[in-house]
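Next comes coords07.pdb, with PDB, C-alpha atoms.
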ATOM      1  CA  MET A   1      -9.382  -0.614   7.358
ATOM      2  CA  ASN A   2      -6.115   1.264   7.795
ATOM      3  CA  LEU A   3      -5.617   1.303  11.571
ATOM      4  CA  PRO A   4      -4.576   4.973  11.977
ATOM      5  CA  LYS A   5      -7.791   5.965  10.132
ATOM      6  CA  LYS A   6      -9.916   4.441  12.913
ATOM      7  CA  PRO A   7     -11.500   6.889  15.378
ATOM      8  CA  ILE A   8      -9.684   7.146  18.694
ATOM      9  CA  ASN A   9     -12.710   5.730  20.516
ATOM     10  CA  GLN A  10     -12.286   2.459  18.574
ATOM     11  CA  TYR A  11      -8.917   1.712  20.226
ATOM     12  CA  SER A  12      -8.271   0.055  23.572
ATOM     13  CA  LEU A  13      -6.633   2.127  26.287
ATOM     14  CA  GLN A  14      -3.545  -0.086  26.004
ATOM     15  CA  SER A  15      -3.312   0.650  22.258
ATOM     16  CA  LEU A  16      -3.621   4.387  22.855
ATOM     17  CA  GLU A  17      -0.921   4.274  25.524
ATOM     18  CA  LEU A  18       1.381   2.375  23.163
ATOM     19  CA  TRP A  19       0.652   4.947  20.428
ATOM     20  CA  LEU A  20       1.612   7.856  22.710
ATOM     21  CA  THR A  21       4.724   5.993  23.864
ATOM     22  CA  ASP A  22       5.702   5.458  20.208
ATOM     23  CA  LEU A  23       5.337   9.219  19.648
ATOM     24  CA  GLY A  24       7.819   9.770  22.488
ATOM     25  CA  ALA A  25       5.307  10.848  25.131
ATOM     26  CA  VAL A  26       5.716   9.939  28.792
ATOM     27  CA  LYS A  27       2.854   9.158  31.179
ATOM     28  CA  ASP A  28       2.474  11.271  34.324
ATOM     29  CA  VAL A  29       3.206   9.009  37.310
ATOM     30  CA  LYS A  30       0.500  10.641  39.463
ATOM     31  CA  ASN A  31      -2.174  11.054  36.775
ATOM     32  CA  PRO A  32      -2.407   8.170  34.264
ATOM     33  CA  SER A  33      -4.667  10.194  31.958
ATOM     34  CA  LYS A  34      -1.951  12.855  31.474
ATOM     35  CA  TRP A  35       0.975  12.494  29.076
ATOM     36  CA  TYR A  36       3.918  14.765  28.240
ATOM     37  CA  LEU A  37       5.569  15.116  24.858
ATOM     38  CA  LEU A  38       8.814  17.080  25.126
ATOM     39  CA  LEU A  39      10.374  18.224  21.869
ATOM     40  CA  SER A  40      13.234  20.611  21.177
ATOM     41  CA  ASN A  41      11.130  23.657  20.224
ATOM     42  CA  TRP A  42       7.864  23.023  22.127
ATOM     43  CA  ASN A  43       6.180  20.757  24.682
ATOM     44  CA  ALA A  44       2.706  19.247  24.716
ATOM     45  CA  THR A  45       0.524  17.960  27.529
ATOM     46  CA  ILE A  46      -1.999  15.393  26.347
ATOM     47  CA  LEU A  47      -4.984  14.654  28.562
ATOM     48  CA  PHE A  48      -7.584  11.942  28.182
ATOM     49  CA  GLU A  49     -10.643  13.825  29.416
ATOM     50  CA  GLN A  50     -14.188  12.507  29.753
ATOM     51  CA  GLU A  51     -15.494  13.991  26.482
ATOM     52  CA  ASP A  52     -12.387  14.867  24.467
ATOM     53  CA  LEU A  53      -8.654  14.451  24.066
ATOM     54  CA  SER A  54      -7.101  17.715  25.210
ATOM     55  CA  VAL A  55      -3.731  18.897  23.912
ATOM     56  CA  ILE A  56      -1.943  21.890  25.402
ATOM     57  CA  TRP A  57       1.180  23.033  23.604
ATOM     58  CA  GLU A  58       3.689  25.301  25.303
ATOM     59  CA  CYS A  59       6.194  27.283  23.301
ATOM     60  CA  GLU A  60       8.219  30.240  24.545
ATOM     61  CA  GLY A  61       5.949  30.729  27.558
ATOM     62  CA  GLN A  62       2.703  30.748  25.567
ATOM     63  CA  GLU A  63       0.076  28.026  25.750
ATOM     64  CA  THR A  64      -2.283  26.877  23.012
ATOM     65  CA  LYS A  65      -5.062  24.410  23.821
ATOM     66  CA  ARG A  66      -7.130  22.296  21.434
ATOM     67  CA  LEU A  67      -9.775  19.671  22.084
ATOM     68  CA  PHE A  68     -10.128  16.649  19.819
ATOM     69  CA  SER A  69     -13.279  14.552  19.806
ATOM     70  CA  TYR A  70     -12.707  10.857  20.389
ATOM     71  CA  CYS A  71     -14.510  10.409  17.040
ATOM     72  CA  PHE A  72     -11.510  11.916  15.192
ATOM     73  CA  ASN A  73      -9.217   9.400  13.591
ATOM     74  CA  ARG A  74      -5.867   8.698  15.176
ATOM     75  CA  GLU A  75      -3.868   9.827  12.155
ATOM     76  CA  ASP A  76      -5.451  13.291  12.138
ATOM     77  CA  VAL A  77      -4.922  13.724  15.875
ATOM     78  CA  GLU A  78      -1.321  12.547  15.620
ATOM     79  CA  ASN A  79      -0.620  14.997  12.784
ATOM     80  CA  ALA A  80      -2.169  17.848  14.767
ATOM     81  CA  ILE A  81      -0.177  16.984  17.901
ATOM     82  CA  LEU A  82       3.114  16.744  16.033
ATOM     83  CA  GLN A  83       2.507  19.916  14.025
ATOM     84  CA  GLY A  84       2.617  21.793  17.293
ATOM     85  CA  PRO A  85       1.155  25.119  18.285
TER      86      PRO A  85
END

Show this structure as structure tokens.
Amino acid sequence: MNLPKKPINQYSLQSLELWLTDLGAVKDVKNPSKWYLLLSNWNATILFEQEDLSVIWECEGQETKRLFSYCFNREDVENAILQGP
């Protein structure tokens, strides 16, 4: 099985943290379930919540929030995150 095609809930926490680090995200020092991805034209906050992975994009003062089930595959979630708001 192609690893990025696996659902997020099939990965260890360490693997998911490495994945976000590879994307360029930085873990919040006070909240280990919160990550920040800062890009030139928008920012994203990624939260590991109890039921879903939450992504909040901020661009020019406007926020867009999406929830991704942990059953979604990593590749689809990564593409959605990097596509931006």

List the spatial neighbours of segment 65-79 of chain A as JSON, numbers by chain - criterion: any atom at most 6 Å away, all atoms listed in the file, same-chain residues fewer than 4 positions off excluded. {"A": [4, 5, 6, 7, 8, 9, 52, 53, 54, 55, 56, 83]}

Evaluate the PyMOL selection byres ((chain A and resi 44) around 6) here and jot the selected residues down as a PDB file with C-alpha atoms, in the frame of the given file.
ATOM      1  CA  TYR A  36       3.918  14.765  28.240  1.00  0.00           C
ATOM      2  CA  LEU A  37       5.569  15.116  24.858  1.00  0.00           C
ATOM      3  CA  ASN A  43       6.180  20.757  24.682  1.00  0.00           C
ATOM      4  CA  THR A  45       0.524  17.960  27.529  1.00  0.00           C
ATOM      5  CA  ILE A  56      -1.943  21.890  25.402  1.00  0.00           C
ATOM      6  CA  TRP A  57       1.180  23.033  23.604  1.00  0.00           C
TER       7      TRP A  57
END

Take every atom of segment 11-16 of chain A listed in the file, pad by 4 Å on each side, and give me the axis-aligned box centre and edge lengths in Å, one decimal, as JSON.
{"center_x": -6.1, "center_y": 2.2, "center_z": 23.3, "size_x": 13.6, "size_y": 12.5, "size_z": 14.1}

To verify the selection step, state as a PyMOL selection string which residues the PyMOL selection byres ((chain A and resi 21-28) around 12) yields on this input. chain A and resi 14-20+29-39+43-48+75+77-79+81-82

Enter the distance from atom CA of Thr64 of chain A to atom CA of Pro85 of chain A, in Å, rounded to one decimal.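 Atom CA of Thr64 of chain A sits 6.1 Å away from atom CA of Pro85 of chain A.
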
Specify as JSON, numbers by chain each residue included when the PyMOL selection byres ((chain A and resi 59) around 8) is applied to this file. {"A": [41, 42, 43, 57, 58, 60, 61, 62, 63, 85]}
